[in-house]
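query_31.cif follows (mmCIF, C-alpha atoms):
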```
data_work
#
loop_
_atom_site.label_atom_id
_atom_site.label_comp_id
_atom_site.auth_asym_id
_atom_site.auth_seq_id
_atom_site.Cartn_x
_atom_site.Cartn_y
_atom_site.Cartn_z
CA MET A 68 69.55 137.16 100.23
CA ARG A 69 67.74 140.03 98.69
CA VAL A 70 66.90 139.76 95.05
CA ARG A 71 66.74 142.91 93.01
CA ARG A 72 63.81 142.68 90.68
CA ALA A 73 65.25 145.46 88.59
CA ASP A 74 67.87 143.11 87.16
CA VAL A 75 66.32 142.98 83.74
CA THR A 76 69.38 141.51 82.10
CA ALA A 77 69.68 138.77 84.71
CA PRO A 78 68.88 135.21 83.78
CA ARG A 79 65.33 134.20 84.34
CA SER A 80 65.91 131.33 86.72
CA ALA A 81 65.67 131.85 90.44
CA LEU A 82 69.21 130.76 90.92
CA GLY A 83 70.32 133.19 88.28
CA ARG A 84 68.65 136.07 90.01
CA TRP A 85 70.19 135.10 93.31
CA ARG A 86 73.55 134.96 91.73
CA GLU A 87 73.19 138.37 90.20
CA SER A 88 72.39 139.83 93.53
CA SER A 89 74.97 138.39 95.77
CA TRP A 90 77.95 137.03 93.88
CA GLY A 91 80.79 138.43 91.87
CA ARG A 92 80.91 137.78 88.15
CA SER A 93 83.49 135.06 88.18
CA GLU A 94 81.76 133.33 91.03
CA ARG A 95 78.62 133.16 88.98
CA ARG A 96 80.50 131.75 86.04
CA ALA A 97 82.24 129.30 88.30
CA SER A 98 79.01 128.18 89.80
CA TRP A 99 77.41 127.60 86.42
CA ALA A 100 80.50 125.85 85.19
CA LEU A 101 80.81 123.67 88.21
CA GLU A 102 77.16 122.78 87.97
CA GLU A 103 77.74 121.66 84.43
CA ALA A 104 80.70 119.66 85.52
CA THR A 105 79.11 118.08 88.53
CA GLY A 106 75.58 117.79 87.15
CA LEU A 107 73.98 119.65 90.01
CA SER A 108 70.48 120.82 89.45
CA ARG A 109 69.94 124.35 88.27
CA HIS A 110 66.68 124.74 90.07
CA GLY A 111 66.56 127.03 93.00
CA GLY A 112 65.51 126.06 96.45
CA ARG A 113 63.89 128.00 99.23
CA PRO A 114 66.05 130.75 100.60
CA ASP A 115 65.40 129.93 104.19
CA GLY A 116 66.84 127.14 106.23
CA SER A 117 70.31 125.78 106.51
CA HIS A 118 72.18 124.07 103.72
CA ALA A 119 71.58 120.73 105.32
CA ALA A 120 67.88 121.49 105.70
CA ARG A 121 67.64 122.37 102.05
CA CYS A 122 69.20 119.12 101.07
CA ARG A 123 66.99 117.14 103.42
CA ARG A 124 64.01 118.45 101.52
CA GLY A 125 64.89 116.28 98.61
CA THR A 126 64.44 117.53 95.09
CA PRO A 127 64.47 121.30 95.11
CA GLU A 128 61.52 123.00 93.44
CA ARG A 129 61.72 125.99 91.26
CA ASP A 130 60.14 128.98 92.95
CA GLY A 131 59.70 132.56 92.10
CA ARG A 132 61.82 133.99 94.85
CA GLY A 133 65.54 133.90 95.22
CA GLY A 134 66.98 130.41 95.45
CA ALA A 135 70.33 129.15 96.52
CA GLY A 136 70.21 125.65 95.07
CA GLY A 137 73.50 125.41 93.22
CA GLY A 138 75.58 127.35 95.67
CA ALA A 139 74.14 125.54 98.65
CA LYS A 140 74.88 122.18 97.13
CA LEU A 141 78.41 123.25 96.37
CA LYS A 142 78.89 124.27 99.96
CA PHE A 143 77.21 121.16 101.24
CA ILE A 144 79.42 118.86 99.24
CA PHE A 145 82.67 120.69 99.52
CA GLY A 146 82.27 122.49 102.78
CA PRO A 147 83.54 125.97 103.48
CA SER A 148 86.34 125.47 100.95
CA ALA A 149 83.82 126.01 98.18
CA ILE A 150 83.53 129.74 98.77
CA GLN A 151 87.24 130.06 99.45
CA ALA A 152 87.97 128.23 96.21
CA LEU A 153 85.68 130.52 94.24
CA ASP A 154 87.41 133.43 95.87
CA LEU A 155 90.76 132.14 94.65
CA VAL A 156 89.37 131.83 91.14
CA ASP A 157 88.00 135.33 91.35
CA ARG A 158 91.37 136.68 92.31
CA GLN A 159 93.08 134.88 89.44
CA SER A 160 95.30 133.02 91.85
CA ILE A 161 95.68 129.89 89.74
CA THR A 162 98.47 129.54 87.22
CA LEU A 163 98.84 126.72 84.75
CA ILE A 164 102.52 126.15 84.13
CA SER A 165 103.48 124.22 81.03
CA SER A 166 106.68 123.40 79.23
CA PRO A 167 107.49 122.50 75.62
CA SER A 168 107.34 118.81 76.56
CA GLY A 169 103.61 119.13 77.22
CA ARG A 170 103.84 118.39 80.92
CA ARG A 171 101.81 120.68 83.09
CA VAL A 172 101.45 121.61 86.70
CA TYR A 173 99.29 124.11 88.58
CA GLN A 174 100.40 126.67 91.13
CA VAL A 175 97.97 128.41 93.40
CA LEU A 176 98.70 131.53 95.37
CA GLY A 177 97.06 130.88 98.71
CA SER A 178 95.41 133.45 100.88
CA SER A 179 98.41 133.52 103.19
CA GLY A 180 100.75 134.47 100.36
CA GLU A 181 102.24 131.01 100.04
CA THR A 182 102.37 129.34 96.66
CA TYR A 183 101.22 125.75 96.52
CA THR A 184 101.78 123.22 93.80
CA CYS A 185 98.90 121.08 92.56
CA LEU A 186 99.32 118.26 90.11
CA ALA A 187 97.19 118.32 86.98
CA SER A 188 96.66 114.60 86.53
CA CYS A 189 95.76 113.42 90.00
CA HIS A 190 94.74 114.62 93.43
CA TYR A 191 97.69 116.30 95.02
CA CYS A 192 98.34 119.65 96.62
CA SER A 193 101.35 120.67 98.65
CA CYS A 194 99.37 122.63 101.23
CA PRO A 195 99.19 121.46 104.86
CA ALA A 196 95.40 121.30 104.72
CA PHE A 197 95.59 118.61 102.06
CA ALA A 198 97.99 116.57 104.16
CA PHE A 199 95.80 116.87 107.22
CA SER A 200 92.18 116.96 106.15
CA VAL A 201 92.33 114.89 103.03
CA LEU A 202 95.10 112.39 103.57
CA ARG A 203 95.24 111.90 107.27
CA LYS A 204 91.77 112.52 108.54
CA SER A 205 89.81 111.92 105.32
CA ASP A 206 87.54 114.77 106.36
CA SER A 207 87.41 116.42 102.98
CA LEU A 208 87.58 115.34 99.39
CA LEU A 209 89.73 118.25 98.33
CA CYS A 210 91.48 121.26 99.70
CA LYS A 211 90.38 124.67 98.49
CA HIS A 212 93.35 124.96 96.14
CA LEU A 213 92.49 121.75 94.32
CA LEU A 214 88.86 122.78 94.11
CA ALA A 215 89.92 126.12 92.68
CA VAL A 216 92.07 124.30 90.11
CA TYR A 217 89.15 122.13 89.01
CA VAL A 218 86.81 125.09 88.78
CA SER A 219 89.30 127.00 86.66
CA GLN A 220 89.76 123.91 84.47
CA VAL A 221 86.03 123.79 83.83
CA MET A 222 85.86 127.51 83.22
CA ARG A 223 89.00 127.36 81.11
CA THR A 224 90.29 130.56 82.58
CA CYS A 225 93.46 130.84 84.55
CA ARG A 226 96.82 132.44 84.14
CA GLN A 227 99.15 130.62 81.82
CA LEU A 228 102.87 130.50 82.21
CA LYS A 229 105.30 128.88 79.83
CA VAL A 230 108.60 127.68 81.22
CA SER A 231 111.42 125.55 79.94
CA ASP A 232 111.61 121.82 80.59
CA LYS A 233 114.39 122.31 83.09
CA GLN A 234 112.45 124.95 84.98
CA LEU A 235 109.43 122.66 85.18
CA THR A 236 111.63 119.96 86.68
CA ASP A 237 112.78 122.42 89.31
CA ILE A 238 109.24 123.46 90.10
CA LEU A 239 108.16 119.86 90.55
CA PHE A 240 111.20 118.91 92.53
CA THR A 241 111.68 121.84 94.85
CA LYS A 242 108.09 121.97 95.95
CA LYS A 243 109.21 119.77 98.79
CA LYS A 244 110.65 122.80 100.50
CA GLN A 245 107.19 124.19 101.02
CA MET A 246 106.08 121.27 103.15
CA MET B 148 98.30 98.76 84.07
CA ALA B 149 95.80 96.22 85.20
CA GLU B 150 94.97 95.13 81.69
CA THR B 151 98.54 94.21 80.86
CA LEU B 152 98.85 92.15 83.99
CA ARG B 153 95.55 90.52 83.25
CA ARG B 154 96.77 89.63 79.80
CA VAL B 155 99.93 88.15 81.25
CA LEU B 156 97.98 86.10 83.68
CA ASN B 157 95.40 85.07 81.13
CA GLN B 158 98.02 84.21 78.56
CA GLY B 159 99.69 81.75 80.87
CA SER B 160 96.45 79.94 81.35
CA SER B 161 96.03 79.38 77.59
CA ALA B 162 92.59 80.77 77.93
CA GLU B 163 90.43 81.58 74.93
CA SER B 164 92.37 83.78 72.57
CA GLY B 165 89.12 85.33 71.48
CA GLU B 166 89.54 87.84 74.24
CA GLU B 167 89.71 91.12 72.45
CA TYR B 168 92.93 92.95 72.53
CA THR B 169 92.72 96.43 73.89
CA ALA B 170 95.58 98.83 73.67
CA GLU B 171 94.20 100.71 76.62
CA ALA B 172 96.58 100.77 79.49
CA GLY B 173 93.98 100.48 82.16
CA PRO B 174 94.19 102.02 85.60
CA PRO B 175 97.48 102.18 87.51
CA LEU B 176 98.05 98.99 89.42
CA LEU B 177 99.52 98.30 92.82
CA LEU B 178 101.03 94.85 93.20
CA LEU B 179 101.10 93.78 96.82
CA GLY B 180 102.59 90.82 98.55
CA GLY B 181 104.92 89.65 101.25
CA PRO B 182 108.59 88.95 100.70
CA GLY B 183 109.23 86.25 98.14
CA SER B 184 105.72 86.29 96.79
CA GLY B 185 106.73 86.71 93.16
CA LYS B 186 106.14 90.40 92.67
CA THR B 187 109.35 90.97 90.75
CA ALA B 188 108.70 87.93 88.59
CA LEU B 189 105.23 89.14 87.67
CA LEU B 190 106.46 92.65 87.09
CA PHE B 191 109.09 91.36 84.74
CA ALA B 192 106.55 89.22 82.93
CA ALA B 193 104.41 92.31 82.42
CA ALA B 194 107.48 94.14 81.10
CA LEU B 195 108.12 91.42 78.55
CA GLU B 196 104.46 91.40 77.54
CA ALA B 197 104.44 95.16 76.98
CA ALA B 198 107.80 95.05 75.18
CA GLY B 199 106.38 92.48 72.81
CA GLU B 200 103.51 94.75 71.89
CA GLY B 201 105.87 97.04 70.05
CA ARG B 202 104.35 100.28 71.25
CA GLY B 203 107.31 101.77 72.98
CA PRO B 204 110.08 101.00 75.44
CA VAL B 205 109.44 99.84 78.96
CA LEU B 206 110.95 101.65 81.90
CA PHE B 207 111.78 99.41 84.84
CA LEU B 208 112.81 101.18 88.01
CA THR B 209 114.23 99.27 90.93
CA ARG B 210 116.67 99.94 93.70
CA ARG B 211 118.97 97.03 93.10
CA PRO B 212 119.83 95.35 89.82
CA LEU B 213 118.06 92.07 89.37
CA GLN B 214 120.41 89.25 90.25
CA SER B 215 118.92 86.98 87.65
CA LEU B 216 116.24 87.59 85.15
CA PRO B 217 113.06 85.91 86.31
CA ARG B 218 111.88 83.22 83.95
CA GLY B 219 108.70 84.19 82.26
CA THR B 220 106.01 82.04 80.82
CA GLY B 221 107.04 80.08 77.81
CA ALA B 222 109.62 81.53 75.45
CA ALA B 223 109.00 85.11 76.35
CA LEU B 224 112.69 85.78 76.96
CA ASP B 225 113.11 87.05 73.44
CA PRO B 226 116.29 89.16 73.16
CA LEU B 227 114.41 91.68 71.05
CA ARG B 228 111.95 92.16 73.84
CA LEU B 229 114.69 92.41 76.44
CA GLN B 230 116.31 95.17 74.47
CA LYS B 231 113.23 97.30 74.83
CA ILE B 232 113.28 97.21 78.60
CA ARG B 233 115.26 100.08 80.09
CA PHE B 234 116.44 99.48 83.60
CA GLN B 235 117.23 102.32 85.94
CA TYR B 236 118.38 102.03 89.51
CA PRO B 237 117.64 105.13 91.59
CA PRO B 238 119.49 104.50 94.85
CA SER B 239 117.36 106.69 97.08
CA THR B 240 114.04 108.50 97.29
CA HIS B 241 115.77 111.72 96.31
CA GLU B 242 117.05 110.23 93.06
CA LEU B 243 113.73 108.60 92.32
CA LEU B 244 111.89 111.89 92.75
CA GLN B 245 114.45 113.62 90.57
CA LEU B 246 114.03 110.97 87.91
CA LEU B 247 110.26 111.35 87.92
CA CYS B 248 110.36 115.15 87.97
CA SER B 249 112.70 115.24 84.98
CA ALA B 250 110.93 112.52 83.02
CA HIS B 251 109.59 115.04 80.53
CA GLU B 252 113.11 116.18 79.65
CA ALA B 253 114.10 112.82 78.21
CA LEU B 254 114.24 112.59 74.46
CA GLY B 255 113.17 109.67 72.37
CA PRO B 256 109.91 107.75 72.31
CA ALA B 257 107.82 107.77 75.43
CA PRO B 258 107.62 104.49 77.33
CA SER B 259 104.50 102.43 77.02
CA LEU B 260 104.88 101.00 80.51
CA LEU B 261 106.38 102.32 83.70
CA LEU B 262 107.27 99.80 86.38
CA LEU B 263 108.58 100.36 89.87
CA ASP B 264 109.73 97.47 92.01
CA GLY B 265 110.10 97.86 95.73
CA LEU B 266 108.14 101.01 96.52
CA GLU B 267 108.54 100.24 100.21
CA GLU B 268 112.23 101.06 99.96
CA TYR B 269 111.44 104.57 98.79
CA LEU B 270 108.58 105.41 101.10
CA VAL B 271 109.16 107.74 104.01
CA GLU B 272 107.24 108.24 107.21
CA ASP B 273 105.76 111.57 106.21
CA SER B 274 102.41 110.90 104.57
CA GLN B 275 102.53 113.97 102.37
CA GLU B 276 105.87 112.91 100.95
CA ALA B 277 104.55 109.43 100.33
CA ALA B 278 101.49 110.89 98.65
CA TYR B 279 103.70 113.08 96.50
CA LEU B 280 105.72 110.08 95.38
CA ALA B 281 102.57 108.21 94.41
CA ALA B 282 101.11 111.28 92.73
CA LEU B 283 104.34 111.90 90.80
CA LEU B 284 104.33 108.32 89.56
CA LEU B 285 100.81 108.85 88.26
CA ASP B 286 101.70 112.21 86.80
CA THR B 287 104.74 110.79 85.01
CA ALA B 288 102.66 107.97 83.53
CA ALA B 289 100.00 110.48 82.51
CA HIS B 290 102.63 112.62 80.81
CA PHE B 291 103.97 109.61 78.88
CA SER B 292 100.40 108.75 77.89
CA HIS B 293 99.95 112.26 76.65
CA ARG B 294 103.08 111.97 74.55
CA THR B 295 102.20 108.63 73.00
CA GLY B 296 98.89 110.01 71.87
CA PRO B 297 95.27 108.90 72.05
CA GLY B 298 94.40 105.24 71.93
CA GLN B 299 97.65 104.15 73.46
CA GLY B 300 98.92 105.37 76.72
CA CYS B 301 101.45 104.49 79.31
CA GLY B 302 100.61 102.03 81.99
CA LEU B 303 101.92 102.03 85.52
CA ILE B 304 102.53 99.05 87.79
CA VAL B 305 104.12 99.49 91.19
CA ALA B 306 105.13 96.61 93.43
CA LEU B 307 104.98 97.08 97.17
CA GLN B 308 106.13 94.63 99.76
CA ILE B 309 103.89 94.38 102.77
CA GLN B 310 104.43 92.54 105.98
CA GLU B 311 102.16 89.68 106.89
CA GLU B 312 101.21 91.33 110.15
CA GLU B 313 100.35 94.91 109.41
CA GLU B 314 101.29 97.49 111.93
CA SER B 315 99.13 100.54 112.34
CA GLY B 316 101.66 102.80 110.65
CA ASP B 317 101.80 100.59 107.61
CA GLY B 318 98.04 100.46 107.48
CA LEU B 319 97.80 104.22 107.14
CA GLN B 320 100.37 104.36 104.36
CA LEU B 321 98.74 101.47 102.56
CA SER B 322 95.34 103.14 102.59
CA LEU B 323 96.99 106.32 101.36
CA LEU B 324 98.54 104.47 98.44
CA GLN B 325 95.26 102.75 97.68
CA ARG B 326 93.76 106.18 97.08
CA TYR B 327 96.12 106.70 94.20
CA PHE B 328 96.02 103.19 92.79
CA PRO B 329 92.48 102.10 92.09
CA ALA B 330 93.51 98.66 90.87
CA GLN B 331 95.32 96.24 93.10
CA CYS B 332 96.69 92.75 92.74
CA TRP B 333 97.36 90.77 95.88
CA LEU B 334 99.84 87.95 95.88
CA GLN B 335 99.81 85.36 98.57
CA VAL B 336 102.14 82.43 98.89
CA ASP B 337 100.09 79.29 98.83
CA ALA B 338 101.86 75.98 98.89
CA PRO B 339 99.44 73.14 98.45
CA GLY B 340 101.95 70.45 99.16
CA PRO B 341 105.58 69.69 99.89
CA GLY B 342 108.06 70.55 97.17
CA GLN B 343 105.62 72.84 95.43
CA ARG B 344 106.04 76.56 95.30
CA GLY B 345 103.20 78.67 94.22
CA LEU B 346 101.17 81.69 94.92
CA ARG B 347 97.72 82.97 94.50
CA ALA B 348 97.12 86.20 92.62
CA CYS B 349 93.95 88.17 93.09
CA LEU B 350 93.38 91.07 90.73
CA ASP B 351 90.89 93.75 91.56
CA SER B 352 90.56 96.47 88.92
CA GLY B 353 88.53 98.72 91.14
CA GLY B 354 85.20 97.86 89.59
CA LEU B 355 86.11 98.10 85.92
CA SER B 356 86.39 94.38 85.42
CA PRO B 357 85.30 91.57 87.64
CA ARG B 358 87.73 90.41 90.25
CA ALA B 359 89.74 87.48 89.04
CA GLU B 360 92.14 85.06 90.63
CA TRP B 361 94.94 82.92 89.35
CA TRP B 362 97.22 80.26 90.65
CA VAL B 363 100.86 80.84 89.79
CA ALA B 364 103.19 77.90 90.17
CA PHE B 365 106.94 77.87 89.88
CA ARG B 366 108.61 74.84 88.44
CA PRO B 367 111.99 73.70 89.75
CA ASP B 368 113.73 75.35 86.80
CA GLY B 369 112.10 78.65 87.74
CA GLU B 370 109.58 78.75 84.95
CA MET B 371 106.20 80.17 85.80
CA THR B 372 102.92 78.54 84.93
CA ILE B 373 99.67 80.34 85.48
CA THR B 374 96.25 78.84 85.69
CA PRO B 375 92.98 80.44 86.62
CA TRP B 376 91.99 79.86 90.18
CA PRO B 377 89.16 77.40 90.38
CA THR B 378 85.85 79.16 90.75
CA GLN B 379 84.99 77.35 93.93
CA SER B 380 87.41 79.54 95.79
CA GLY B 381 84.84 79.87 98.54
CA ASN B 382 85.32 76.22 99.54
CA PRO B 383 88.91 75.78 100.67
CA ASN B 384 90.26 72.37 99.83
CA SER B 385 91.84 70.41 102.61
CA ASP B 386 95.29 70.51 101.04
CA LYS B 387 95.18 74.11 99.93
CA GLY B 388 96.23 75.37 103.31
CA SER B 389 94.88 78.47 104.95
CA SER B 390 93.67 80.59 102.10
CA SER B 391 92.41 83.40 104.22
CA GLY B 392 92.31 85.59 101.18
CA GLY B 393 94.92 88.05 100.08
CA GLN B 394 92.56 90.97 100.21
CA PRO B 395 91.82 92.54 103.58
#
```
For this file, produce the structure as structure tokens.
Amino acid sequence: MRVRRADVTAPRSALGRWRESSWGRSERRASWALEEATGLSRHGGRPDGSHAARCRRGTPERDGRGGAGGGAKLKFIFGPSAIQALDLVDRQSITLISSPSGRRVYQVLGSSGETYTCLASCHYCSCPAFAFSVLRKSDSLLCKHLLAVYVSQVMRTCRQLKVSDKQLTDILFTKKKQM
Amino acid sequence: MAETLRRVLNQGSSAESGEEYTAEAGPPLLLLGGPGSGKTALLFAAALEAAGEGRGPVLFLTRRPLQSLPRGTGAALDPLRLQKIRFQYPPSTHELLQLLCSAHEALGPAPSLLLLDGLEEYLVEDSQEAAYLAALLLDTAAHFSHRTGPGQGCGLIVALQIQEEEESGDGLQLSLLQRYFPAQCWLQVDAPGPGQRGLRACLDSGGLSPRAEWWVAFRPDGEMTITPWPTQSGNPNSDKGSSSGGQP
């Protein structure tokens, strides 16, 4: 990760400089927001070594060079879905659908073009990865769509769509066809 | 709705009334037990308790109409309370899902308690479908909570019948459901002597409150009496039978 020292408007922290250099704007915002939400440290770590190696080092120290503390922790905890989730947020793929009753549901446009339904109040996504990795194998905590939903909740940016009560019922009910 | 159930169980034991009353619904609760272990009776007692609180109607979902109303503790069968319990009988999983998906369309005050008896009759083999059913139950309760406003909320209690010997398939579904229901109450039939019918209830709120146990006895006329389980539950009495513990 090369850090451009000419980024005068970049934040002063090492992590900030790394972000400026290698991530898109919404990914940076997402990372900051998710750090706030999850309480991950803002301090940067050493740029070398694997994610696991960085975490084995214990508390990361602030250093002058580029650091990948926050992003590495995200990836360590959530696996490869972290970057895919941030990508979904970047592409504005998450829509919050609400009706006059106040009930809400999320829909995420996946990378394959399929639309998946995620519930707002508890852990559920209609994608096959959720059924397999999360429910059956317990390999992951979340699928990338759910992670993208949580990131966009923290960032408070996602598309909004208002539908009628009846349409919301149909959305909730017919999502079965996607499975 | 662990707190409501706890209040029901505590109330029957005439415990100290100094226990502070919280309107908080508490986490969603899964009520587990074998056939005939009193799940419907306890569910109904919770319904009466919530109806008596005057916060909103109670929605009781079950596949078949109750043949006879279970006797509660004391004189809880107040007609005014019974009026506040709305029974609905979705005959299949399809209808149940439709009911839950359209719950926000219903007019009128939002329920303060959502009960489902006999979840095992609606579960299907597919784990994603089962997860969706559980998630929809939670989402419906969350929506009702949102409508009733802050400080109140809608509780959720779901009763599930489990077999005494768990097969591997059931084990997977049960662990799936336990993901969605952090609080569980296990009921185990425990007859200390001939002619006595009773069961042992063990409530685990998932870490929010200490685990507590009660002994629920049924008198010949059907009335329920609840007493706290003696604290020396670690030393099984000779006449208490095999209390191997309701919790795996």
task: Specify as an MDAnalysis selection string all residues of chain B found within 6 Å of chain A, counting only C-alpha atoms.
output: chainID B and resid 248:249 251:252 275 286 290
So that I have them on file, write out the residues from the current selection with C-alpha atoms, as an mmCIF file, keeping the file's coordinate frame.
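Below is the file that was written, out-v8.cif:
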```cif
data_model
loop_
_atom_site.group_PDB
_atom_site.id
_atom_site.type_symbol
_atom_site.label_atom_id
_atom_site.label_comp_id
_atom_site.auth_asym_id
_atom_site.auth_seq_id
_atom_site.Cartn_x
_atom_site.Cartn_y
_atom_site.Cartn_z
ATOM 1 C CA CYS B 248 110.360 115.150 87.970
ATOM 2 C CA SER B 249 112.700 115.240 84.980
ATOM 3 C CA HIS B 251 109.590 115.040 80.530
ATOM 4 C CA GLU B 252 113.110 116.180 79.650
ATOM 5 C CA GLN B 275 102.530 113.970 102.370
ATOM 6 C CA ASP B 286 101.700 112.210 86.800
ATOM 7 C CA HIS B 290 102.630 112.620 80.810
#
```
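Between atom CA of B:Gly298 and atom CA of A:Gln220 lies a distance of 23.0 Å.
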message: Evaluated on this file, the PyMOL selection byres ((chain B and resi 294) around 10) picks out some residues - which ones are they, written as a PyMOL selection string?
response: (chain A and resi 168-170) or (chain B and resi 251+256-259+288-293+295-297+299-301)
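Taking atom CA of B:Ile309 and atom CA of B:Leu334 as endpoints, the distance between them is 10.3 Å.
Here atom CA of A:Pro147 and atom CA of A:Ser179 stand 16.7 Å from one another.
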message: Need to verify the contact set: B:Arg326, 12 Å, only C-alpha atoms, exclusion of same-chain residues closer than 3 positions in sequence. Can you return it as a ChimeraX atom specification?
response: /A:189-191,201-203,205,208 /B:175-177,277-278,281-282,285,319-323,329-331,353
Could you take the residues named above and write them with C-alpha atoms, as a short mmCIF file (atom, residue, chain, number, x, y, z; two decimals), in the coordinates of the input?
```cif
data_model
loop_
_atom_site.label_atom_id
_atom_site.label_comp_id
_atom_site.auth_asym_id
_atom_site.auth_seq_id
_atom_site.Cartn_x
_atom_site.Cartn_y
_atom_site.Cartn_z
CA CYS A 189 95.76 113.42 90.00
CA HIS A 190 94.74 114.62 93.43
CA TYR A 191 97.69 116.30 95.02
CA VAL A 201 92.33 114.89 103.03
CA LEU A 202 95.10 112.39 103.57
CA ARG A 203 95.24 111.90 107.27
CA SER A 205 89.81 111.92 105.32
CA LEU A 208 87.58 115.34 99.39
CA PRO B 175 97.48 102.18 87.51
CA LEU B 176 98.05 98.99 89.42
CA LEU B 177 99.52 98.30 92.82
CA ALA B 277 104.55 109.43 100.33
CA ALA B 278 101.49 110.89 98.65
CA ALA B 281 102.57 108.21 94.41
CA ALA B 282 101.11 111.28 92.73
CA LEU B 285 100.81 108.85 88.26
CA LEU B 319 97.80 104.22 107.14
CA GLN B 320 100.37 104.36 104.36
CA LEU B 321 98.74 101.47 102.56
CA SER B 322 95.34 103.14 102.59
CA LEU B 323 96.99 106.32 101.36
CA PRO B 329 92.48 102.10 92.09
CA ALA B 330 93.51 98.66 90.87
CA GLN B 331 95.32 96.24 93.10
CA GLY B 353 88.53 98.72 91.14
#
```
message: Since I can't run it myself right now, could you work out what the PyMOL selection byres ((chain A and resi 210-216) around 8) selects here and report it as a PyMOL selection string?
response: chain A and resi 148-149+151-153+155-156+161+173+175+177+183+185+190-192+196-197+200-201+207-209+217-220
Take the residues from that selection and put them in a file with C-alpha atoms, as a CSV table (one decimal), keeping the file's coordinate frame.
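Written file, out.csv:
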```csv
chain,number,residue,atom,x,y,z
A,148,SER,CA,86.3,125.5,101.0
A,149,ALA,CA,83.8,126.0,98.2
A,151,GLN,CA,87.2,130.1,99.4
A,152,ALA,CA,88.0,128.2,96.2
A,153,LEU,CA,85.7,130.5,94.2
A,155,LEU,CA,90.8,132.1,94.6
A,156,VAL,CA,89.4,131.8,91.1
A,161,ILE,CA,95.7,129.9,89.7
A,173,TYR,CA,99.3,124.1,88.6
A,175,VAL,CA,98.0,128.4,93.4
A,177,GLY,CA,97.1,130.9,98.7
A,183,TYR,CA,101.2,125.8,96.5
A,185,CYS,CA,98.9,121.1,92.6
A,190,HIS,CA,94.7,114.6,93.4
A,191,TYR,CA,97.7,116.3,95.0
A,192,CYS,CA,98.3,119.6,96.6
A,196,ALA,CA,95.4,121.3,104.7
A,197,PHE,CA,95.6,118.6,102.1
A,200,SER,CA,92.2,117.0,106.2
A,201,VAL,CA,92.3,114.9,103.0
A,207,SER,CA,87.4,116.4,103.0
A,208,LEU,CA,87.6,115.3,99.4
A,209,LEU,CA,89.7,118.2,98.3
A,217,TYR,CA,89.2,122.1,89.0
A,218,VAL,CA,86.8,125.1,88.8
A,219,SER,CA,89.3,127.0,86.7
A,220,GLN,CA,89.8,123.9,84.5
```
task: Check what the PyMOL selection byres ((chain B and resi 231) around 10) selects in the file above and give those residues as a PyMOL selection string.
output: chain B and resi 194-195+197-199+201+203-206+226-230+232-234+258
Got a moment to write stretch 163-174 of chain A out with N, CA and C atoms, as an mmCIF file, in the first residue's frame?
```cif
data_model
loop_
_atom_site.group_PDB
_atom_site.id
_atom_site.type_symbol
_atom_site.label_atom_id
_atom_site.label_comp_id
_atom_site.auth_asym_id
_atom_site.auth_seq_id
_atom_site.Cartn_x
_atom_site.Cartn_y
_atom_site.Cartn_z
ATOM 1 N N LEU A 163 -33.782 0.604 1.369
ATOM 2 C CA LEU A 163 -34.632 0.449 2.538
ATOM 3 C C LEU A 163 -36.058 0.697 2.093
ATOM 4 N N ILE A 164 -36.879 -0.341 2.199
ATOM 5 C CA ILE A 164 -38.262 -0.244 1.758
ATOM 6 C C ILE A 164 -39.145 -0.071 2.983
ATOM 7 N N SER A 165 -39.970 0.958 2.961
ATOM 8 C CA SER A 165 -40.850 1.170 4.109
ATOM 9 C C SER A 165 -42.263 1.458 3.616
ATOM 10 N N SER A 166 -43.205 1.248 4.509
ATOM 11 C CA SER A 166 -44.605 1.470 4.155
ATOM 12 C C SER A 166 -45.212 2.401 5.194
ATOM 13 N N PRO A 167 -46.398 2.920 4.937
ATOM 14 C CA PRO A 167 -47.009 3.847 5.897
ATOM 15 C C PRO A 167 -47.177 3.255 7.292
ATOM 16 N N SER A 168 -47.235 1.920 7.403
ATOM 17 C CA SER A 168 -47.405 1.320 8.720
ATOM 18 C C SER A 168 -46.167 1.477 9.588
ATOM 19 N N GLY A 169 -45.017 1.770 8.953
ATOM 20 C CA GLY A 169 -43.780 1.872 9.715
ATOM 21 C C GLY A 169 -42.918 0.632 9.617
ATOM 22 N N ARG A 170 -43.443 -0.428 9.048
ATOM 23 C CA ARG A 170 -42.649 -1.649 8.904
ATOM 24 C C ARG A 170 -41.641 -1.458 7.789
ATOM 25 N N ARG A 171 -40.464 -2.036 7.996
ATOM 26 C CA ARG A 171 -39.411 -1.833 7.013
ATOM 27 C C ARG A 171 -38.729 -3.140 6.671
ATOM 28 N N VAL A 172 -38.160 -3.157 5.477
ATOM 29 C CA VAL A 172 -37.385 -4.316 5.076
ATOM 30 C C VAL A 172 -36.292 -3.814 4.126
ATOM 31 N N TYR A 173 -35.194 -4.544 4.059
ATOM 32 C CA TYR A 173 -34.108 -4.138 3.166
ATOM 33 C C TYR A 173 -34.061 -5.056 1.960
ATOM 34 N N GLN A 174 -33.686 -4.478 0.820
ATOM 35 C CA GLN A 174 -33.412 -5.318 -0.352
ATOM 36 C C GLN A 174 -32.036 -4.956 -0.868
#
```
